[in-house]
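For reference, work.txt (compact mmCIF, C-alpha atoms):
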# COMPACT_ATOMS: atom_id res chain seq x y z
CA MET D 25 -31.21 1.29 1.98
CA ILE D 26 -29.63 4.24 0.18
CA ILE D 27 -26.27 3.84 -1.59
CA ARG D 28 -24.77 6.88 -3.28
CA LEU D 29 -21.50 7.27 -5.19
CA GLN D 30 -20.62 10.84 -6.08
CA THR D 31 -17.80 13.28 -6.66
CA SER D 32 -19.41 16.12 -4.69
CA ASP D 33 -19.40 16.74 -0.93
CA PHE D 34 -22.42 15.98 1.27
CA ASP D 35 -24.04 17.26 4.46
CA PRO D 36 -24.24 14.25 6.81
CA GLU D 37 -27.15 15.59 8.82
CA ARG D 38 -29.25 16.68 5.87
CA GLU D 39 -28.77 13.29 4.22
CA ALA D 40 -29.81 11.49 7.41
CA GLN D 41 -32.81 13.75 7.97
CA ALA D 42 -34.01 13.16 4.42
CA LEU D 43 -34.52 9.50 5.25
CA ASP D 44 -36.82 10.34 8.18
CA VAL D 45 -36.60 6.92 9.87
CA LYS D 46 -39.31 6.43 12.50
CA GLY D 47 -39.13 4.20 15.55
CA ALA D 48 -35.34 4.14 15.70
CA GLY D 49 -34.06 4.90 19.17
CA ALA D 50 -30.44 4.94 18.04
CA ARG D 51 -28.59 6.36 15.09
CA VAL D 52 -24.85 5.89 14.63
CA SER D 53 -22.87 7.71 11.95
CA PHE D 54 -19.32 7.36 10.73
CA VAL D 55 -17.72 10.17 8.73
CA GLY D 56 -14.33 9.46 7.20
CA THR D 57 -12.14 12.34 6.09
CA VAL D 58 -9.03 12.61 3.95
CA ARG D 59 -5.94 12.67 6.11
CA ASP D 60 -3.73 15.67 5.44
CA ARG D 61 -0.47 14.00 6.42
CA ALA D 62 0.99 10.54 5.83
CA GLN D 63 4.25 9.80 7.64
CA ASP D 64 6.06 13.08 7.01
CA ARG D 65 4.43 13.97 3.72
CA ARG D 66 1.78 16.64 3.44
CA ILE D 67 -1.04 15.32 1.29
CA GLU D 68 -2.31 17.86 -1.23
CA THR D 69 -4.77 15.70 -3.10
CA LEU D 70 -6.27 12.25 -2.80
CA GLU D 71 -7.32 10.58 -6.04
CA ILE D 72 -9.95 7.91 -5.51
CA GLU D 73 -10.45 5.42 -8.33
CA HIS D 74 -13.26 2.90 -8.20
CA TYR D 75 -15.06 0.23 -10.23
CA PRO D 76 -18.49 1.85 -10.46
CA GLU D 77 -20.69 -1.14 -11.31
CA MET D 78 -19.02 -3.39 -8.75
CA THR D 79 -18.84 -0.67 -6.09
CA ARG D 80 -22.59 -0.24 -6.20
CA ALA D 81 -23.18 -4.01 -6.10
CA GLU D 82 -20.68 -4.58 -3.30
CA LEU D 83 -21.95 -1.72 -1.13
CA THR D 84 -25.46 -3.10 -1.53
CA ARG D 85 -24.27 -6.54 -0.42
CA ILE D 86 -22.34 -5.05 2.52
CA GLY D 87 -25.31 -2.93 3.61
CA SER D 88 -27.81 -5.77 3.30
CA ALA D 89 -25.62 -8.19 5.24
CA ALA D 90 -25.25 -5.68 8.11
CA GLN D 91 -28.94 -4.85 8.03
CA THR D 92 -29.83 -8.50 8.54
CA ALA D 93 -27.07 -9.35 11.02
CA HIS D 94 -27.62 -6.32 13.25
CA HIS D 95 -31.36 -5.68 12.84
CA LEU D 96 -30.86 -2.26 11.31
CA LEU D 97 -34.00 -0.34 10.37
CA GLU D 98 -32.23 1.70 7.68
CA VAL D 99 -28.77 2.08 6.14
CA LEU D 100 -27.29 5.06 4.29
CA ILE D 101 -23.90 4.88 2.58
CA ILE D 102 -22.41 7.79 0.63
CA HIS D 103 -18.91 7.38 -0.81
CA ARG D 104 -17.07 9.95 -2.87
CA TYR D 105 -14.60 9.31 -5.67
CA GLY D 106 -12.40 11.51 -7.86
CA ARG D 107 -10.03 14.20 -6.55
CA LEU D 108 -10.34 15.28 -2.92
CA GLN D 109 -8.33 17.68 -0.78
CA GLY D 110 -6.96 17.11 2.74
CA ASN D 111 -9.62 17.15 5.48
CA GLU D 112 -12.48 16.73 3.00
CA ARG D 113 -15.16 14.18 3.83
CA ILE D 114 -14.83 10.90 1.89
CA VAL D 115 -17.51 8.64 3.27
CA LEU D 116 -20.66 8.62 5.37
CA VAL D 117 -22.20 5.51 6.88
CA THR D 118 -25.33 6.08 8.95
CA VAL D 119 -27.46 3.32 10.42
CA TRP D 120 -30.65 3.34 12.46
CA SER D 121 -31.85 0.70 14.88
CA ALA D 122 -34.05 0.29 17.90
CA HIS D 123 -31.11 -0.19 20.26
CA ARG D 124 -27.70 1.38 20.55
CA ALA D 125 -25.59 -1.80 20.62
CA GLU D 126 -27.00 -2.94 17.28
CA ALA D 127 -26.47 0.49 15.74
CA PHE D 128 -22.80 0.62 16.80
CA ALA D 129 -22.12 -2.96 15.70
CA GLY D 130 -23.91 -2.51 12.37
CA CYS D 131 -22.19 0.77 11.51
CA GLN D 132 -18.77 -0.60 12.39
CA ALA D 133 -19.39 -3.79 10.37
CA ILE D 134 -20.18 -1.70 7.29
CA VAL D 135 -17.16 0.58 7.72
CA ASP D 136 -14.86 -2.43 8.24
CA ALA D 137 -16.26 -4.14 5.14
CA LEU D 138 -15.81 -0.95 3.08
CA LYS D 139 -12.10 -0.99 3.90
CA THR D 140 -11.53 -4.54 2.74
CA ARG D 141 -14.22 -5.34 0.15
CA ALA D 142 -15.38 -2.17 -1.64
CA PRO D 143 -13.40 -1.65 -4.88
CA PHE D 144 -11.83 1.74 -4.21
CA TRP D 145 -8.16 2.60 -4.62
CA LYS D 146 -6.50 5.74 -3.31
CA LYS D 147 -3.48 7.64 -4.56
CA GLU D 148 -2.02 10.25 -2.22
CA ILE D 149 -0.41 13.18 -4.00
CA SER D 150 2.13 15.16 -2.01
CA PRO D 151 4.89 17.60 -3.01
CA GLU D 152 7.25 14.58 -3.07
CA GLY D 153 5.12 12.66 -5.59
CA ALA D 154 2.23 10.22 -5.82
CA VAL D 155 1.88 7.09 -3.69
CA TRP D 156 -0.82 4.41 -3.86
CA VAL D 157 -2.29 3.77 -0.42
CA PRO D 158 -1.72 0.11 0.50
CA GLY D 159 -4.97 -1.82 0.38
CA HIS D 160 -6.47 -4.46 2.63
CA THR D 161 -7.20 -8.07 1.82
CA PRO D 162 -9.85 -9.88 3.81
CA GLN D 163 -9.07 -13.43 4.86
CA ASP D 164 -11.55 -14.99 2.45
CA LEU D 165 -10.06 -13.26 -0.61
CA ARG D 166 -6.43 -14.21 -0.03
CA MET F 2 -14.14 18.62 25.25
CA ILE F 3 -17.56 20.22 25.02
CA ILE F 4 -20.34 19.20 27.42
CA ARG F 5 -23.74 20.82 27.03
CA LEU F 6 -26.96 20.32 29.00
CA GLN F 7 -29.97 22.03 27.52
CA THR F 8 -33.73 21.88 27.09
CA SER F 9 -33.67 22.85 23.40
CA ASP F 10 -33.06 20.68 20.35
CA PHE F 11 -29.73 20.69 18.48
CA ASP F 12 -28.43 20.15 14.94
CA PRO F 13 -25.86 17.33 15.21
CA GLU F 14 -23.91 18.36 12.12
CA ARG F 15 -23.74 22.05 12.95
CA GLU F 16 -22.53 21.27 16.46
CA ALA F 17 -19.83 18.96 15.11
CA GLN F 18 -18.75 21.43 12.43
CA ALA F 19 -18.42 24.20 14.99
CA LEU F 20 -15.63 22.25 16.68
CA ASP F 21 -13.61 22.09 13.44
CA VAL F 22 -11.30 19.27 14.54
CA LYS F 23 -8.25 18.94 12.29
CA GLY F 24 -6.27 15.79 11.63
CA ALA F 25 -9.06 13.41 12.57
CA GLY F 26 -9.56 10.71 9.96
CA ALA F 27 -12.63 9.32 11.70
CA ARG F 28 -15.66 10.82 13.35
CA VAL F 29 -18.34 8.68 14.98
CA SER F 30 -21.65 10.09 16.21
CA PHE F 31 -24.45 8.63 18.24
CA VAL F 32 -27.86 10.29 18.25
CA GLY F 33 -30.42 8.93 20.70
CA THR F 34 -34.10 9.73 20.19
CA VAL F 35 -37.18 9.41 22.38
CA ARG F 36 -39.00 6.19 21.66
CA ASP F 37 -42.64 6.73 20.75
CA ARG F 38 -43.86 3.37 22.04
CA ALA F 39 -43.07 1.26 25.11
CA GLN F 40 -44.64 -2.18 25.19
CA ASP F 41 -48.12 -1.33 23.96
CA ARG F 42 -48.28 2.20 25.30
CA ARG F 43 -47.94 5.23 23.03
CA ILE F 44 -45.56 7.69 24.66
CA GLU F 45 -46.77 11.26 24.43
CA THR F 46 -44.10 12.95 26.50
CA LEU F 47 -40.84 12.03 28.14
CA GLU F 48 -39.90 14.00 31.24
CA ILE F 49 -36.18 13.99 31.91
CA GLU F 50 -35.06 14.96 35.40
CA HIS F 51 -31.41 15.38 36.21
CA TYR F 52 -28.98 16.52 38.90
CA PRO F 53 -27.40 19.46 37.08
CA GLU F 54 -24.16 19.93 39.03
CA MET F 55 -23.42 16.21 39.14
CA THR F 56 -24.47 15.63 35.54
CA ARG F 57 -21.93 18.14 34.33
CA ALA F 58 -19.19 16.67 36.57
CA GLU F 59 -20.03 13.08 35.64
CA LEU F 60 -20.19 13.74 31.88
CA THR F 61 -16.81 15.44 32.13
CA ARG F 62 -15.37 12.41 33.92
CA ILE F 63 -16.94 10.02 31.38
CA GLY F 64 -15.67 12.05 28.42
CA SER F 65 -12.16 12.42 29.85
CA ALA F 66 -11.87 8.72 30.63
CA ALA F 67 -12.89 7.79 27.07
CA GLN F 68 -10.60 10.43 25.58
CA THR F 69 -7.62 8.92 27.38
CA ALA F 70 -8.55 5.26 26.93
CA HIS F 71 -9.34 5.54 23.22
CA HIS F 72 -7.00 8.33 22.08
CA LEU F 73 -9.82 10.63 21.08
CA LEU F 74 -8.84 14.00 19.63
CA GLU F 75 -12.09 15.65 20.69
CA VAL F 76 -15.35 14.79 22.44
CA LEU F 77 -18.74 16.50 22.19
CA ILE F 78 -21.66 15.53 24.43
CA ILE F 79 -25.04 17.28 24.30
CA HIS F 80 -27.83 15.96 26.53
CA ARG F 81 -31.30 17.43 26.79
CA TYR F 82 -33.54 17.48 29.84
CA GLY F 83 -37.08 18.65 30.57
CA ARG F 84 -40.13 17.64 28.51
CA LEU F 85 -39.57 15.93 25.14
CA GLN F 86 -41.98 14.45 22.61
CA GLY F 87 -41.74 11.06 20.87
CA ASN F 88 -39.03 10.86 18.17
CA GLU F 89 -37.26 13.99 19.42
CA ARG F 90 -33.49 13.86 19.80
CA ILE F 91 -32.30 13.39 23.42
CA VAL F 92 -28.57 13.03 23.18
CA LEU F 93 -25.62 13.53 20.86
CA VAL F 94 -22.19 12.01 21.42
CA THR F 95 -19.60 12.77 18.74
CA VAL F 96 -15.95 11.78 18.94
CA TRP F 97 -12.99 12.36 16.64
CA SER F 98 -9.88 10.25 16.33
CA ALA F 99 -7.17 9.41 13.87
CA HIS F 100 -8.48 5.89 13.30
CA ARG F 101 -11.92 4.40 13.00
CA ALA F 102 -11.62 1.62 15.58
CA GLU F 103 -10.76 4.12 18.32
CA ALA F 104 -13.61 6.40 17.30
CA PHE F 105 -16.18 3.58 17.43
CA ALA F 106 -14.87 2.23 20.74
CA GLY F 107 -14.65 5.70 22.31
CA CYS F 108 -18.14 6.76 21.25
CA GLN F 109 -19.67 3.51 22.44
CA ALA F 110 -17.86 3.71 25.78
CA ILE F 111 -19.31 7.17 26.40
CA VAL F 112 -22.84 6.15 25.40
CA ASP F 113 -22.65 3.05 27.60
CA ALA F 114 -21.41 5.11 30.55
CA LEU F 115 -24.19 7.67 30.05
CA LYS F 116 -26.77 4.93 30.50
CA THR F 117 -25.39 3.69 33.79
CA ARG F 118 -23.57 6.62 35.42
CA ALA F 119 -25.05 9.96 34.32
CA PRO F 120 -27.71 11.15 36.79
CA PHE F 121 -30.75 11.36 34.52
CA TRP F 122 -34.15 9.83 35.24
CA LYS F 123 -36.93 9.45 32.71
CA LYS F 124 -40.67 9.37 33.16
CA GLU F 125 -42.72 8.20 30.19
CA ILE F 126 -46.15 9.77 29.97
CA SER F 127 -48.74 7.88 27.94
CA PRO F 128 -52.54 8.07 27.80
CA GLU F 129 -52.57 5.29 30.43
CA GLY F 130 -50.47 7.31 32.89
CA ALA F 131 -46.88 8.03 33.89
CA VAL F 132 -44.19 5.37 34.35
CA TRP F 133 -40.60 5.83 35.51
CA VAL F 134 -38.19 4.14 33.08
CA PRO F 135 -36.19 1.50 35.00
CA GLY F 136 -32.59 2.63 35.43
CA HIS F 137 -29.31 0.81 35.19
CA THR F 138 -26.80 0.08 37.94
CA PRO F 139 -23.19 -0.47 36.98
CA GLN F 140 -21.38 -3.27 38.76
CA ASP F 141 -19.20 -0.95 40.84
CA LEU F 142 -22.17 0.98 42.26
CA ARG F 143 -24.19 -2.02 43.47
CA MET Q 14 -24.50 21.90 57.49
CA ILE Q 15 -24.97 18.86 55.30
CA THR Q 16 -27.10 19.38 52.18
CA VAL Q 17 -29.32 16.44 51.25
CA ARG Q 18 -30.79 16.17 47.75
CA CYS Q 19 -33.35 13.66 46.53
CA PHE Q 20 -34.18 12.83 42.92
CA ALA Q 21 -36.85 11.00 40.94
CA THR Q 22 -38.71 8.33 42.95
CA VAL Q 23 -36.74 9.17 46.11
CA ARG Q 24 -37.94 12.77 45.84
CA GLU Q 25 -41.50 11.61 45.22
CA ILE Q 26 -41.52 9.20 48.18
CA LEU Q 27 -39.84 11.52 50.70
CA GLY Q 28 -41.72 14.55 49.41
CA TYR Q 29 -38.85 17.01 49.01
CA ALA Q 30 -35.93 17.72 46.69
CA MET Q 31 -33.54 19.31 49.17
CA ARG Q 32 -33.04 19.87 52.87
CA GLU Q 33 -30.22 20.73 55.22
CA LEU Q 34 -29.12 18.76 58.24
CA PRO Q 35 -26.85 19.83 61.06
CA PRO Q 36 -23.75 17.62 61.12
CA SER Q 37 -23.38 15.11 63.94
CA HIS Q 38 -20.49 15.32 66.39
CA GLU Q 39 -19.79 11.63 65.70
CA PRO Q 40 -18.35 10.39 62.38
CA GLN Q 41 -21.26 9.77 60.01
CA LEU Q 42 -21.82 7.48 57.04
CA ALA Q 43 -24.24 7.99 54.16
CA SER Q 44 -26.43 5.28 55.73
CA ASP Q 45 -26.71 7.37 58.91
CA ILE Q 46 -27.98 10.34 56.90
CA LEU Q 47 -30.49 8.05 55.19
CA THR Q 48 -31.80 6.88 58.58
CA VAL Q 49 -32.31 10.49 59.66
CA ILE Q 50 -34.16 11.62 56.53
CA ALA Q 51 -36.13 8.48 55.65
CA GLY Q 52 -36.93 6.95 59.01
CA GLU Q 53 -39.65 4.32 58.59
CA ARG Q 54 -40.03 5.14 54.90
CA ALA Q 55 -36.56 3.73 54.17
CA ALA Q 56 -38.26 0.45 53.24
CA ASP Q 57 -40.29 2.22 50.55
CA LEU Q 58 -37.22 3.60 48.77
CA PRO Q 59 -36.02 2.07 45.50
CA LYS Q 60 -33.49 -0.75 45.60
CA PRO Q 61 -30.70 -0.46 44.76
CA LEU Q 62 -30.58 3.04 46.17
CA LEU Q 63 -27.72 5.07 44.72
CA VAL Q 64 -25.72 7.66 46.63
CA ALA Q 65 -23.57 10.56 45.48
CA ILE Q 66 -21.37 12.73 47.69
CA ASN Q 67 -20.24 16.08 46.32
CA CYS Q 68 -21.41 15.10 42.81
CA GLU Q 69 -19.49 11.82 42.69
CA HIS Q 70 -20.93 8.32 42.88
CA ALA Q 71 -20.47 6.93 46.41
CA SER Q 72 -22.04 4.23 48.57
CA LEU Q 73 -24.04 3.89 51.78
CA THR Q 74 -20.80 3.18 53.64
CA SER Q 75 -19.08 6.38 52.44
CA PRO Q 76 -18.28 8.96 55.17
CA VAL Q 77 -20.11 12.28 55.18
CA LYS Q 78 -18.79 15.43 56.86
CA ASP Q 79 -19.89 19.00 57.52
CA GLY Q 80 -20.22 20.98 54.27
CA ASP Q 81 -20.86 17.93 52.09
CA GLU Q 82 -23.74 17.59 49.66
CA ILE Q 83 -25.21 14.09 49.67
CA ALA Q 84 -27.77 12.87 47.14
CA PHE Q 85 -30.01 9.79 47.06
CA PHE Q 86 -31.60 8.51 43.86
CA PRO Q 87 -32.69 5.38 42.00
CA PRO Q 88 -30.57 3.80 39.23
CA VAL Q 89 -30.05 6.29 36.40
CA SER Q 90 -31.04 6.13 32.73
CA GLY Q 91 -29.11 8.70 30.76
CA GLY Q 92 -28.62 8.70 27.03
CA MET L 30 -16.65 -12.13 -25.71
CA ILE L 31 -15.08 -11.80 -22.28
CA THR L 32 -14.61 -8.25 -20.98
CA VAL L 33 -11.42 -7.68 -18.99
CA ARG L 34 -11.08 -4.65 -16.73
CA CYS L 35 -7.99 -3.48 -14.87
CA PHE L 36 -7.85 -1.01 -12.00
CA ALA L 37 -5.26 1.01 -10.10
CA THR L 38 -1.73 -0.44 -10.26
CA VAL L 39 -2.87 -3.29 -12.53
CA ARG L 40 -4.17 -0.73 -15.02
CA GLU L 41 -0.94 1.27 -14.77
CA ILE L 42 1.30 -1.80 -15.27
CA LEU L 43 -0.68 -3.36 -18.11
CA GLY L 44 -1.40 -0.01 -19.72
CA TYR L 45 -5.14 -0.29 -20.30
CA ALA L 46 -8.38 -0.16 -18.35
CA MET L 47 -10.48 -2.47 -20.50
CA ARG L 48 -10.20 -4.94 -23.37
CA GLU L 49 -12.24 -7.74 -24.83
CA LEU L 50 -11.08 -11.31 -25.38
CA PRO L 51 -12.69 -14.00 -27.49
CA PRO L 52 -13.71 -16.92 -25.25
CA SER L 53 -11.75 -20.13 -25.49
CA HIS L 54 -13.41 -23.38 -26.62
CA GLU L 55 -11.92 -25.05 -23.53
CA PRO L 56 -13.18 -24.30 -19.98
CA GLN L 57 -11.25 -21.31 -18.66
CA LEU L 58 -10.26 -20.10 -15.20
CA ALA L 59 -9.49 -16.54 -14.15
CA SER L 60 -5.80 -17.53 -14.05
CA ASP L 61 -5.99 -18.47 -17.76
CA ILE L 62 -7.32 -15.01 -18.61
CA LEU L 63 -4.52 -13.46 -16.56
CA THR L 64 -1.92 -15.45 -18.51
CA VAL L 65 -3.37 -14.18 -21.79
CA ILE L 66 -3.48 -10.52 -20.80
CA ALA L 67 -0.36 -10.23 -18.63
CA GLY L 68 2.08 -12.68 -20.20
CA GLU L 69 5.57 -12.02 -18.90
CA ARG L 70 4.38 -8.99 -16.93
CA ALA L 71 2.39 -11.22 -14.55
CA ALA L 72 5.38 -11.13 -12.22
CA ASP L 73 5.14 -7.32 -12.01
CA LEU L 74 1.52 -7.33 -10.87
CA PRO L 75 0.62 -6.62 -7.23
CA LYS L 76 0.40 -9.51 -4.80
CA PRO L 77 -2.10 -10.46 -3.65
CA LEU L 78 -3.91 -9.83 -6.91
CA LEU L 79 -7.66 -9.65 -6.48
CA VAL L 80 -10.20 -10.88 -9.01
CA ALA L 81 -13.86 -10.06 -9.53
CA ILE L 82 -16.21 -11.81 -11.93
CA ASN L 83 -19.43 -10.02 -12.87
CA CYS L 84 -18.89 -7.50 -10.08
CA GLU L 85 -18.44 -10.09 -7.34
CA HIS L 86 -15.24 -10.98 -5.55
CA ALA L 87 -13.81 -14.22 -7.00
CA SER L 88 -10.42 -15.94 -7.16
CA LEU L 89 -7.86 -17.00 -9.75
CA THR L 90 -9.38 -20.47 -9.73
CA SER L 91 -12.91 -19.24 -10.52
CA PRO L 92 -14.31 -20.32 -13.93
CA VAL L 93 -14.89 -17.67 -16.62
CA LYS L 94 -17.32 -18.08 -19.50
CA ASP L 95 -18.42 -16.21 -22.60
CA GLY L 96 -20.22 -12.98 -21.70
CA ASP L 97 -18.50 -12.59 -18.32
CA GLU L 98 -16.77 -9.43 -17.14
CA ILE L 99 -13.58 -10.19 -15.25
CA ALA L 100 -11.59 -7.58 -13.33
CA PHE L 101 -8.08 -7.61 -11.84
CA PHE L 102 -6.98 -5.18 -9.14
CA PRO L 103 -4.80 -4.76 -6.07
CA PRO L 104 -6.23 -4.94 -2.52
CA VAL L 105 -8.84 -2.26 -2.01
CA SER L 106 -8.99 0.66 0.41
CA GLY L 107 -12.51 1.99 0.60
CA GLY L 108 -13.87 4.15 3.37

What do you get writing this file as C-alpha cells?
Amino acid sequence: MIIRLQTSDFDPEREAQALDVKGAGARVSFVGTVRDRAQDRRIETLEIEHYPEMTRAELTRIGSAAQTAHHLLEVLIIHRYGRLQGNERIVLVTVWSAHRAEAFAGCQAIVDALKTRAPFWKKEISPEGAVWVPGHTPQDLR
Amino acid sequence: MIIRLQTSDFDPEREAQALDVKGAGARVSFVGTVRDRAQDRRIETLEIEHYPEMTRAELTRIGSAAQTAHHLLEVLIIHRYGRLQGNERIVLVTVWSAHRAEAFAGCQAIVDALKTRAPFWKKEISPEGAVWVPGHTPQDLR
Amino acid sequence: MITVRCFATVREILGYAMRELPPSHEPQLASDILTVIAGERAADLPKPLLVAINCEHASLTSPVKDGDEIAFFPPVSGG
Amino acid sequence: MITVRCFATVREILGYAMRELPPSHEPQLASDILTVIAGERAADLPKPLLVAINCEHASLTSPVKDGDEIAFFPPVSGG
C-alpha cells in the first residue's frame, strides 16, 4: 500500500504504472478535482488544511480495511494539501484486484471513507470571500 | 462521448486528458487487463474477435444509457481486439461527473454492460491449447 | 438479400463468417434463417445462441426482412 | 504533558494550533480538556465537534492521560 501526502500535482497513470501490480485483472481509479464553482461563486483557490500525523495514520487504516474487505491486491492513495486552483487534481485513489466488482467496491469504500474520516478541511476562496466547506460526520463519530 | 476500437495499446491518462472535461469534480476509470493464468494454465495469448459494426453501435448505446441514467458529463470507452499478451491492457472506461457516487455507478454500469452485451469473444491460448472463454448472457437476451 | 454473419464458435462450427441468402416470399423469423444455414448442425451450436439483427440484440423469434443483416453468436465476453 | 491541537474553525476560534497542558491528578476525559482550553468559548465551537486522541478518532467521553496528544476539529472533508 502506498500513501502519499503532498502539495504538488501528480500524474495518475505514471503513479499507477510505478507500482507494476501483476495478476490484477481490474484496476479502478478515482480522481477528484477542485470544483471551480460553488452555488454562484467562482472559486479562485481552495486551501486544504490537514493534520499530517493523523492523516497518514487514518489513510493507512482506511486503505488496509478496504484491502481486507474487498480482496484488493494493491492500494494507492495520493492526497494533496495546501493551496490549489479550480480544476486541479486533489486526490487519487487507485486499487487493483482480480475481479472488477471488488475493485469498484474497494475504490468507492476508500473514497467514501476519505470524505468522512480523513482529517482534511477545505476553505474555498472566491471574489466574495472565504468559506469553509461543510464537513461530513460518519454515524459512529456523532 | 468517445468510443474507440483498436488493436494497439493506449495510455489511460493521456486519453483522459485529451478530453479536457471541465466542471467535473469526479473521474472514475476502469482498466481491464489480460489475465496471465486461468485455472492452472498459463495464458500466452488472448485472441479477441468482435463484430465491428455492432460493437461500435452497442458501445454507443451502452455509453449513452449510462450517461443519461447517471448524469455523466463525458464518457470514454477504448476496447482493443486482435491478439494480446498476458497483463496487457484490454479496455479503458473513464467517466466524468459532478459527484463521485454518479461517477462510480456510471463507470460500473458501463463495465457490467460490456461484459454481457458488447459482441466480443475471447480465446485463451496456452501451451495446452486454445479455449474459448465462456460468455455471459444478460437476462433479457435469454 | 439477407446477409448472415457468424462469429466465434458459430463461425467455427458452420465454417464461414458471412453468406447471403435470398429472402423468402413468406414472412421469416430469425429461427427460419437458422434452419436454412445450420440444418442438421443446429444441434451442435452453442446454447444459448444469441441473435442480432442490424447490429442490435434480437431473438430467434424476431422477424427478418429483405436487406437485413442477421448475426448468430455465442454469449459475449467484452471488457 | 498533554498536547492539544486545534484545526480549521476550532483553531480560528480559539486562536492557536497547539498548546501543552499539565495532566491532572484525577482521571480526565476529552470533555475535561475541552473545558480547560475553551472555557466560555465552548459554545462558539462547531457542532458536532470531533475529537482525536493519538491520531485516532475518539469522542468527548474518551479518557486522556499524560503523554497523549488530543485534537479538536470540525467534521472533515477529505477527498

If you measure from atom CA of F:Tyr52 to atom CA of F:His137, what distance in Å do you get, rounded to one decimal?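 Distance reported for this atom pair: 16.1 Å.
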
Shortest interatomic distance to L:Ala37 - which of D:Ala81, D:Val52, D:Leu100, D:Val157, counting all atoms listed in the file: D:Val157

Residues of chain D within 6 Å of chain L, counting only C-alpha atoms, what are they? List them as a PyMOL selection string. chain D and resi 78+115+138-140+142-145+159-161

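Note that atom CA of D:Ile102 and atom CA of D:His123 are 22.9 Å apart.
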
Could you tell me how far atom CA of D:Ala133 lies from atom CA of D:Ala90, in Å and to one decimal?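 Between atom CA of D:Ala133 and atom CA of D:Ala90 the gap works out to 6.6 Å.
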
Contacts from chain D to chain F, 12 Å maximum, all atoms listed in the file: show me the residue list as a count of residues only. 58

Write out as number ranges by chain which residues come within 10 Å of Q:Ala51 when counting all atoms listed in the file, dropping same-chain ones fewer than 5 positions away. Q: 23, 26-27, 46, 56-58

Skipping near chain neighbours, those fewer than 3 positions away, what residues fall within 12 Å of Q:Leu34 using all atoms listed in the file, listed as a count of residues only? 19

Would you kindly return, as an MDAnalysis selection string, each protein, DNA or RNA residue with an atom no farther than 9 Å from any atom of F:Thr46, considering all atoms listed in the file and excluding same-chain residues fewer than 3 positions away? chainID F and resid 35 37 84:87 124:127

Residue selection dump (C-alpha atoms) as an mmCIF file, in the frame of the given file:
data_model
loop_
_atom_site.group_PDB
_atom_site.id
_atom_site.type_symbol
_atom_site.label_atom_id
_atom_site.label_comp_id
_atom_site.auth_asym_id
_atom_site.auth_seq_id
_atom_site.Cartn_x
_atom_site.Cartn_y
_atom_site.Cartn_z
ATOM 1 C CA VAL F 35 -37.180 9.410 22.380
ATOM 2 C CA ASP F 37 -42.640 6.730 20.750
ATOM 3 C CA ARG F 84 -40.130 17.640 28.510
ATOM 4 C CA LEU F 85 -39.570 15.930 25.140
ATOM 5 C CA GLN F 86 -41.980 14.450 22.610
ATOM 6 C CA GLY F 87 -41.740 11.060 20.870
ATOM 7 C CA LYS F 124 -40.670 9.370 33.160
ATOM 8 C CA GLU F 125 -42.720 8.200 30.190
ATOM 9 C CA ILE F 126 -46.150 9.770 29.970
ATOM 10 C CA SER F 127 -48.740 7.880 27.940
#

Return as lines of an AutoDock Vina configuration file the centre and edge lengths, in Å with one decimal, of the box along x, y and z that encloses every atom of stretch 159-165 of chain D in the file, padded by 6 Å per side.
center_x = -8.3
center_y = -8.4
center_z = 2.1
size_x = 18.6
size_y = 25.2
size_z = 17.5

Close residues, Q:Thr74 itself excluded, 8 Å, all atoms listed in the file, min 5 positions apart in chain, as a PyMOL selection string: chain Q and resi 42-44
